[in-house]
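Data block for final-v8.txt (compact mmCIF, C-alpha atoms):
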```txt
# COMPACT_ATOMS: atom_id res chain seq x y z
CA MET M 294 -0.90 10.51 12.08
CA ASN M 295 -3.39 13.34 11.64
CA ASP M 296 -6.25 12.40 13.94
CA GLY M 297 -8.44 15.30 12.81
CA VAL M 298 -9.10 14.37 9.18
CA ILE M 299 -8.51 11.64 6.62
CA LYS M 300 -8.51 12.54 2.92
CA LYS M 301 -10.22 9.42 1.63
CA CYS M 302 -11.04 5.88 2.58
CA PRO M 303 -8.06 3.56 1.97
CA VAL M 304 -10.50 0.72 1.26
CA CYS M 305 -12.97 2.19 -1.26
CA GLY M 306 -11.63 5.69 -1.96
CA SER M 307 -14.68 7.63 -0.74
CA THR M 308 -13.91 11.26 0.13
CA THR M 309 -17.31 12.32 1.44
CA ARG M 310 -19.04 9.70 3.60
CA ILE M 311 -16.46 9.56 6.40
CA GLY M 312 -17.23 10.26 10.04
CA LYS M 313 -15.31 10.14 13.29
CA ILE M 314 -15.74 7.11 15.53
CA LEU M 315 -16.93 7.85 19.04
CA TYR M 316 -15.94 5.32 21.70
CA GLY M 317 -17.55 4.90 25.10
CA LEU M 318 -21.10 4.76 26.38
CA PRO M 319 -23.34 7.03 24.22
CA ASP M 320 -25.41 9.59 26.10
CA GLY M 321 -28.47 9.04 23.87
CA SER M 322 -28.97 12.77 23.31
CA GLU M 323 -30.87 14.14 20.33
CA GLU M 324 -27.72 15.93 19.20
CA LEU M 325 -25.75 12.68 19.14
CA MET M 326 -28.52 10.91 17.23
CA ARG M 327 -28.62 13.78 14.73
CA ARG M 328 -24.88 13.56 14.15
CA CYS M 329 -25.10 9.79 13.70
CA GLY M 330 -27.95 10.21 11.22
CA ASN M 331 -25.95 12.79 9.27
CA GLU M 332 -22.96 10.40 9.12
CA GLU M 333 -20.83 12.85 11.09
CA VAL M 334 -20.00 10.27 13.75
CA TYR M 335 -20.18 6.51 14.21
CA LEU M 336 -20.59 4.70 17.53
CA GLY M 337 -17.61 2.39 18.04
CA GLY M 338 -18.51 0.72 21.31
CA CYS M 339 -16.72 0.80 24.64
CA MET M 340 -13.70 -1.41 23.93
CA ILE M 341 -10.59 0.27 22.51
CA LEU M 342 -7.81 -1.99 21.23
CA PRO M 343 -4.25 -1.07 20.20
CA GLY M 344 -4.29 0.58 16.79
CA TYR M 345 -8.03 1.26 17.06
CA PRO M 346 -9.63 2.97 14.02
CA LYS M 347 -10.51 6.64 14.31
CA PHE M 348 -12.93 6.97 11.40
CA HIS M 349 -15.78 5.07 9.75
CA CYS M 350 -16.50 5.00 6.02
CA PHE M 351 -20.24 4.84 5.48
CA GLU M 352 -19.71 4.13 1.78
CA CYS M 353 -18.11 0.69 2.28
CA ASP M 354 -18.92 0.24 6.01
CA SER M 355 -15.24 0.01 6.99
CA ASN M 356 -13.56 1.27 10.14
CA ILE M 357 -10.46 3.14 8.96
CA GLY M 358 -7.70 5.48 10.09
CA LYS M 359 -6.05 2.85 12.25
CA SER M 360 -2.70 3.41 13.88
CA PRO M 361 0.00 1.39 12.06
CA ILE M 362 0.01 -1.45 14.57
CA LEU M 363 0.29 -5.14 13.65
CA LEU M 364 -1.50 -7.18 16.29
CA THR M 365 0.15 -10.51 17.07
CA LYS M 366 -0.15 -13.12 19.80
CA SER M 367 2.71 -11.45 21.64
CA GLY M 368 1.20 -7.96 21.43
CA GLY M 369 1.34 -5.05 19.02
CA GLU M 370 4.19 -4.13 16.67
CA ASP M 371 4.51 -0.76 14.96
CA TYR M 372 4.78 -1.31 11.20
CA ARG M 373 7.33 1.50 10.97
CA ARG M 374 9.65 -0.38 13.32
CA ILE M 375 9.37 -3.81 11.71
CA THR M 376 9.37 -2.90 8.00
CA THR M 377 12.65 -3.93 6.37
CA ALA M 378 11.92 -3.65 2.64
CA ILE M 379 9.69 -2.01 0.06
CA ARG M 380 9.69 -3.53 -3.44
CA PHE M 381 7.61 -1.83 -6.13
CA ARG M 382 7.06 -3.07 -9.65
CA GLU M 383 4.64 -1.74 -12.27
CA GLU M 384 4.45 -2.87 -15.87
CA GLY M 385 6.42 -0.48 -18.07
CA ARG M 386 8.34 0.97 -15.12
CA PRO M 387 11.72 -0.04 -13.60
CA THR M 388 11.62 -2.05 -10.38
CA LEU M 389 12.31 -0.06 -7.22
CA VAL M 390 13.80 -1.74 -4.14
CA LEU M 391 14.36 0.00 -0.82
CA GLU M 392 15.75 -2.48 1.66
CA LYS M 393 17.69 -2.93 4.86
CA LYS M 394 20.56 -5.37 4.36
CA ASP M 395 24.10 -5.89 5.65
CA GLY M 396 23.56 -3.22 8.30
CA LYS M 397 22.63 -0.55 5.75
CA THR M 398 19.50 0.72 4.04
CA VAL M 399 19.93 0.79 0.28
CA LEU M 400 18.00 2.13 -2.67
CA GLU M 401 18.16 0.08 -5.88
CA VAL M 402 16.61 0.60 -9.30
CA TRP M 403 16.47 -2.41 -11.64
CA THR M 404 15.84 -1.92 -15.36
CA ARG M 405 15.46 -3.96 -18.51
CA SER M 406 16.88 -3.26 -21.95
CA GLU M 407 14.74 -1.50 -24.54
CA ALA M 408 14.88 -4.60 -26.75
CA GLU M 409 13.33 -6.77 -24.02
CA GLN M 410 10.64 -4.17 -23.36
CA ASP M 411 9.82 -4.00 -27.07
CA SER M 412 9.61 -7.80 -27.15
CA ASP M 413 7.12 -7.80 -24.27
CA GLN M 414 5.01 -5.13 -25.95
CA ALA M 415 4.95 -7.15 -29.17
CA GLY M 416 3.71 -10.16 -27.23
CA GLN M 417 0.93 -8.15 -25.65
CA ASP M 418 -0.13 -6.68 -28.99
CA SER M 419 -0.37 -10.17 -30.47
CA GLY M 420 -2.45 -11.44 -27.57
CA GLU M 421 0.22 -13.81 -26.25
CA ALA M 422 0.51 -12.22 -22.81
CA VAL M 423 -3.02 -12.80 -21.46
CA LEU M 424 -3.04 -13.21 -17.68
CA THR M 425 -5.46 -15.29 -15.69
CA ILE M 426 -6.47 -14.59 -12.12
CA ASP M 427 -4.80 -17.84 -11.02
CA GLU M 428 -1.44 -16.67 -12.38
CA VAL M 429 -1.77 -13.38 -10.55
CA LEU M 430 -2.72 -15.09 -7.29
CA ARG M 431 0.23 -17.49 -7.54
CA SER M 432 2.56 -14.50 -7.66
CA LEU M 433 1.46 -13.58 -4.13
CA ASN M 434 3.64 -16.39 -2.81
CA GLN M 435 6.65 -15.64 -4.99
CA THR M 436 9.53 -13.27 -4.37
CA THR M 437 11.80 -13.39 -7.36
CA GLN M 438 13.94 -10.84 -9.12
CA ASP M 439 13.19 -10.69 -12.84
CA PRO M 440 16.27 -12.30 -14.47
CA ARG M 441 15.90 -9.91 -17.40
CA GLU M 442 16.53 -6.93 -15.11
CA SER M 443 19.93 -5.54 -14.18
CA LEU M 444 20.90 -3.13 -11.42
CA SER M 445 21.19 0.32 -12.97
CA TYR M 446 21.34 2.57 -9.89
CA THR M 447 22.03 2.19 -6.19
CA ARG M 448 22.94 4.29 -3.18
CA GLU M 449 22.79 4.11 0.59
CA MET M 450 19.86 5.79 2.33
CA THR M 451 20.13 7.63 5.63
CA GLU M 452 18.17 6.37 8.61
CA GLU M 453 16.28 9.67 8.71
CA GLU M 454 15.29 9.27 5.06
CA TRP M 455 14.09 5.71 5.68
CA LYS M 456 12.00 6.75 8.69
CA GLU M 457 10.47 9.64 6.76
CA LEU M 458 9.48 7.26 3.96
CA LEU M 459 7.80 4.83 6.36
CA ASP M 460 5.98 7.67 8.12
CA LYS M 461 4.49 8.77 4.80
CA LEU M 462 3.49 5.26 3.79
CA TYR M 463 1.79 4.41 7.07
CA THR M 464 0.47 7.70 8.46
CA GLU M 465 -0.44 9.53 5.23
CA LEU M 466 -1.17 6.72 2.77
CA TYR M 467 -2.46 4.19 5.36
CA LEU M 468 -0.58 1.36 3.65
CA HIS M 469 -1.45 -1.08 6.44
CA GLU M 470 -5.15 -0.74 5.51
CA TRP M 471 -4.84 -1.46 1.78
CA ARG M 472 -6.42 -4.56 0.34
CA VAL M 473 -4.10 -7.31 -0.92
CA ILE M 474 -5.72 -8.09 -4.30
CA PHE M 475 -7.01 -5.61 -6.90
CA LEU M 476 -8.68 -7.55 -9.73
CA LYS M 477 -11.93 -7.14 -11.64
CA SER M 478 -12.32 -10.33 -13.66
CA ARG M 479 -10.97 -13.82 -14.23
CA PHE M 480 -8.96 -12.57 -17.19
CA PRO M 481 -7.87 -9.13 -15.98
CA GLU M 482 -6.65 -6.52 -18.43
CA GLY M 483 -4.48 -3.48 -17.92
CA LYS M 484 -1.20 -2.69 -16.22
CA ARG M 485 0.02 -5.22 -13.71
CA TRP M 486 1.67 -3.99 -10.51
CA GLU M 487 3.11 -5.43 -7.32
CA LEU M 488 3.98 -3.84 -4.00
CA GLU M 489 5.77 -6.11 -1.57
CA THR M 490 6.62 -5.21 2.00
CA GLY M 491 9.23 -7.12 3.97
CA PHE M 492 9.23 -7.30 7.77
CA THR M 493 11.43 -8.58 10.55
CA LYS M 494 11.39 -12.33 11.30
CA ASP M 495 11.34 -13.06 7.54
CA ARG M 496 7.73 -11.97 7.19
CA ARG M 497 6.39 -10.33 4.05
CA LEU M 498 3.18 -9.12 2.46
CA LYS M 499 2.60 -8.66 -1.26
CA ARG M 500 -0.18 -6.65 -2.85
CA VAL M 501 -0.97 -7.19 -6.53
CA GLY M 502 -3.31 -5.72 -9.09
CA VAL M 503 -4.12 -5.68 -12.78
CA GLY M 504 -5.89 -2.72 -14.31
CA ILE M 505 -7.20 -1.28 -11.03
CA PHE M 506 -5.33 0.51 -8.29
CA PRO M 507 -5.61 1.38 -4.57
CA PRO M 508 -7.27 4.67 -3.57
CA TYR M 509 -3.87 6.14 -2.59
CA TRP M 510 -2.13 5.04 -5.79
CA GLU M 511 -1.29 8.51 -7.10
CA GLU M 512 0.03 9.51 -3.70
CA LEU M 513 2.24 6.40 -3.69
CA LEU M 514 3.66 7.32 -7.10
CA ASP M 515 4.38 10.84 -5.81
CA VAL M 516 6.31 9.38 -2.87
CA LEU M 517 8.39 7.09 -5.12
CA LYS M 518 8.88 9.54 -7.98
CA PRO M 519 12.01 11.25 -6.52
CA TYR M 520 13.83 7.91 -6.33
CA TYR M 521 13.23 7.28 -10.03
CA GLY M 522 14.17 10.87 -10.77
CA GLU M 523 17.58 10.67 -9.12
CA ALA M 524 18.26 7.54 -11.17
CA GLY M 525 17.52 9.53 -14.32
CA LEU M 526 14.21 7.74 -14.93
CA SER M 527 10.67 9.01 -15.17
```
Write out the structure in this file as structure tokens.
Amino acid sequence: MNDGVIKKCPVCGSTTRIGKILYGLPDGSEELMRRCGNEEVYLGGCMILPGYPKFHCFECDSNIGKSPILLTKSGGEDYRRITTAIRFREEGRPTLVLEKKDGKTVLEVWTRSEAEQDSDQAGQDSGEAVLTIDEVLRSLNQTTQDPRESLSYTREMTEEEWKELLDKLYTELYLHEWRVIFLKSRFPEGKRWELETGFTKDRRLKRVGVGIFPPYWEELLDVLKPYYGEAGLS
């Protein structure tokens, strides 16, 4: 992780009001007070925990830039070591699955026929496919493969490739700091997307959204784009 700078807040997307967190007993100097007033630094206290944040966003008042550490009762676990699957689905785009299984790491792309896609679009145009926030929230607890999709491309990934992917997701896109739900209203409109992460011990975390996207959304698409490209898909 680059400790010197963070491009934007992974919570609100601010690119300007971000300062470094200073830990320890402040010296109370005029220079320190000036830097605090100018939002150059933020006083983080004397206690430093595993995965401690390195920056503070003054726009949304969030401590950010944390090391990718999941804190549990038994200690800290590095997300890059415990992640076993990445499943990405966006409306109008094939489903991408990168997963460790049967002792291998595999890349899979699942697609639907043009006829089924046209049928969905017709339903949306006629107003039959209106989502409610309750339906979106229920999907947080569901992990199901769309029965209308079929496997159109697969290959085995190298361990180096898998590690490089996780490094990008957690140290450049700060995936572990993203919110879980991205919704604006009770009847959200726009493209629906899901990003599910699987972990060891059968743990998982799903992020969902309709019409709005995380601050690092474009960067995520750039990371995933080559996998679609090799499958002959945009």
Per residue of stretch 458-512 of chain M within 12 Å of stretch 385-400 of chain M, what are the shortest atom pair and its distance in Å to one decimal, counting only C-alpha atoms, with rows by chain and residue number, as CSV?
```
residue,atom,partner,partner_atom,distance
M:Leu458,CA,M:Leu391,CA,10.0
M:Leu459,CA,M:Leu391,CA,10.9
M:Gly483,CA,M:Gly385,CA,11.3
M:Lys484,CA,M:Gly385,CA,8.1
M:Arg485,CA,M:Gly385,CA,9.1
M:Trp486,CA,M:Arg386,CA,9.5
M:Glu487,CA,M:Thr388,CA,9.7
M:Leu488,CA,M:Leu389,CA,9.7
M:Glu489,CA,M:Val390,CA,9.5
M:Thr490,CA,M:Glu392,CA,9.5
M:Gly491,CA,M:Glu392,CA,8.3
M:Phe492,CA,M:Lys393,CA,10.0
M:Thr493,CA,M:Lys393,CA,10.2
```
Could you list, as an mmCIF file with C-alpha atoms, in the frame of the given file, every residue within 10 Å of M:Leu468, counting all atoms listed in the file and ignoring same-chain residues fewer than 6 positions away?
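So the final result, stored in selection-v1.cif, reads:
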```cif
data_model
loop_
_atom_site.group_PDB
_atom_site.id
_atom_site.type_symbol
_atom_site.label_atom_id
_atom_site.label_comp_id
_atom_site.auth_asym_id
_atom_site.auth_seq_id
_atom_site.Cartn_x
_atom_site.Cartn_y
_atom_site.Cartn_z
ATOM 1 C CA PRO M 303 -8.060 3.560 1.970
ATOM 2 C CA PRO M 361 0.000 1.390 12.060
ATOM 3 C CA TYR M 372 4.780 -1.310 11.200
ATOM 4 C CA LEU M 459 7.800 4.830 6.360
ATOM 5 C CA LYS M 461 4.490 8.770 4.800
ATOM 6 C CA LEU M 462 3.490 5.260 3.790
ATOM 7 C CA THR M 490 6.620 -5.210 2.000
ATOM 8 C CA PRO M 507 -5.610 1.380 -4.570
ATOM 9 C CA TYR M 509 -3.870 6.140 -2.590
ATOM 10 C CA LEU M 513 2.240 6.400 -3.690
#
```
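Distances from M:Leu444, M:Ile299, M:Ile314, M:Ile362 to M:Val334 were compared using all atoms listed in the file, and the smallest one belongs to M:Ile314.
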key: Two-atom distance - atom CA of M:Val402, atom CA of M:Ala524 (Å)   = 7.4 Å
message = Around (-23.2, 13.8, 6.6), as given in the file, which residues come within 10 Å? Count all atoms listed in the file and list them as a list in words.
response =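 Residues satisfying the cut-off, written out: Thr309, Arg310, Ile311, Gly312, Arg327, Arg328, Cys329, Gly330, Asn331, Glu332, Glu333, Val334 and Phe351 of chain M.
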ask   = So which one's closest to M:Gly306, M:Ser432, M:Ser355, M:Ser445, M:Ser478? Using only C-alpha atoms, please.
value =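 For M:Gly306, the nearest of the candidates is M:Ser355.
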query = Which of these, M:Asp320, M:Glu401, M:Glu482, M:Asp460, has the shortest distance to M:Glu442 once you count all atoms listed in the file?
reply = M:Glu401
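We find atom CA of M:Gly369 and atom CA of M:Leu315 to be spaced 22.4 Å apart.
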ask   = How many Å lie between atom CA of M:Lys313 and atom CA of M:Asn356, rounded to one decimal?
value = 9.6 Å
inquiry  = Could you check which residues have any atom within 10 Å of (9.6, 9.5, -1.6), counting all atoms listed in the file with coordinates taken straight from the file, and then list them as a PyMOL selection string?
reply    = chain M and resi 454-455+457-459+461-462+512-521
From M:Glu453, M:Glu470, M:Asp495, M:Asp439, residue lying nearest M:Ala378 [only C-alpha atoms] =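 Under the stated criterion, the closest residue is M:Asp495.
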Working from the structure I just supplied, which lacks atoms in stretch 438-461 of chain M, can you model N, CA and C atoms there and output them as a short mmCIF file (atom, residue, chain, number, x, y, z; two decimals), keeping the file's coordinate frame?
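Writing done, so here's out-v4.cif:
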```cif
data_model
loop_
_atom_site.label_atom_id
_atom_site.label_comp_id
_atom_site.auth_asym_id
_atom_site.auth_seq_id
_atom_site.Cartn_x
_atom_site.Cartn_y
_atom_site.Cartn_z
N GLN M 438 13.46 -11.95 -8.31
CA GLN M 438 13.94 -10.84 -9.12
C GLN M 438 13.86 -11.25 -10.58
N ASP M 439 13.29 -10.40 -11.41
CA ASP M 439 13.19 -10.69 -12.84
C ASP M 439 14.59 -10.87 -13.41
N PRO M 440 14.92 -12.05 -13.96
CA PRO M 440 16.27 -12.30 -14.47
C PRO M 440 16.63 -11.41 -15.65
N ARG M 441 15.63 -10.79 -16.27
CA ARG M 441 15.90 -9.91 -17.40
C ARG M 441 16.29 -8.51 -16.95
N GLU M 442 16.19 -8.25 -15.64
CA GLU M 442 16.53 -6.93 -15.11
C GLU M 442 17.97 -6.89 -14.62
N SER M 443 18.58 -5.73 -14.71
CA SER M 443 19.93 -5.54 -14.18
C SER M 443 19.94 -4.27 -13.32
N LEU M 444 20.81 -4.27 -12.33
CA LEU M 444 20.90 -3.13 -11.42
C LEU M 444 21.49 -1.93 -12.16
N SER M 445 20.73 -0.85 -12.23
CA SER M 445 21.19 0.32 -12.97
C SER M 445 21.53 1.50 -12.07
N TYR M 446 21.06 1.45 -10.79
CA TYR M 446 21.34 2.57 -9.89
C TYR M 446 21.22 2.08 -8.45
N THR M 447 22.12 2.53 -7.61
CA THR M 447 22.03 2.19 -6.19
C THR M 447 22.74 3.24 -5.35
N ARG M 448 22.27 3.42 -4.15
CA ARG M 448 22.94 4.29 -3.18
C ARG M 448 22.46 3.91 -1.79
N GLU M 449 23.18 4.35 -0.79
CA GLU M 449 22.79 4.11 0.59
C GLU M 449 21.85 5.22 1.07
N MET M 450 20.82 4.84 1.77
CA MET M 450 19.86 5.79 2.33
C MET M 450 20.22 6.08 3.79
N THR M 451 19.92 7.30 4.23
CA THR M 451 20.13 7.63 5.63
C THR M 451 18.97 7.07 6.45
N GLU M 452 19.22 6.88 7.73
CA GLU M 452 18.17 6.37 8.61
C GLU M 452 17.01 7.36 8.69
N GLU M 453 17.33 8.65 8.67
CA GLU M 453 16.28 9.67 8.71
C GLU M 453 15.40 9.60 7.46
N GLU M 454 16.03 9.38 6.31
CA GLU M 454 15.29 9.27 5.06
C GLU M 454 14.38 8.05 5.08
N TRP M 455 14.87 6.94 5.59
CA TRP M 455 14.09 5.71 5.68
C TRP M 455 12.88 5.90 6.61
N LYS M 456 13.10 6.52 7.74
CA LYS M 456 12.00 6.75 8.69
C LYS M 456 10.95 7.69 8.10
N GLU M 457 11.40 8.71 7.39
CA GLU M 457 10.47 9.64 6.76
C GLU M 457 9.60 8.93 5.71
N LEU M 458 10.22 8.03 4.95
CA LEU M 458 9.48 7.26 3.96
C LEU M 458 8.40 6.42 4.62
N LEU M 459 8.77 5.70 5.69
CA LEU M 459 7.80 4.83 6.36
C LEU M 459 6.69 5.64 7.01
N ASP M 460 7.02 6.80 7.55
CA ASP M 460 5.98 7.67 8.12
C ASP M 460 4.95 8.05 7.07
N LYS M 461 5.41 8.40 5.88
CA LYS M 461 4.49 8.77 4.80
C LYS M 461 3.62 7.60 4.40
#
```
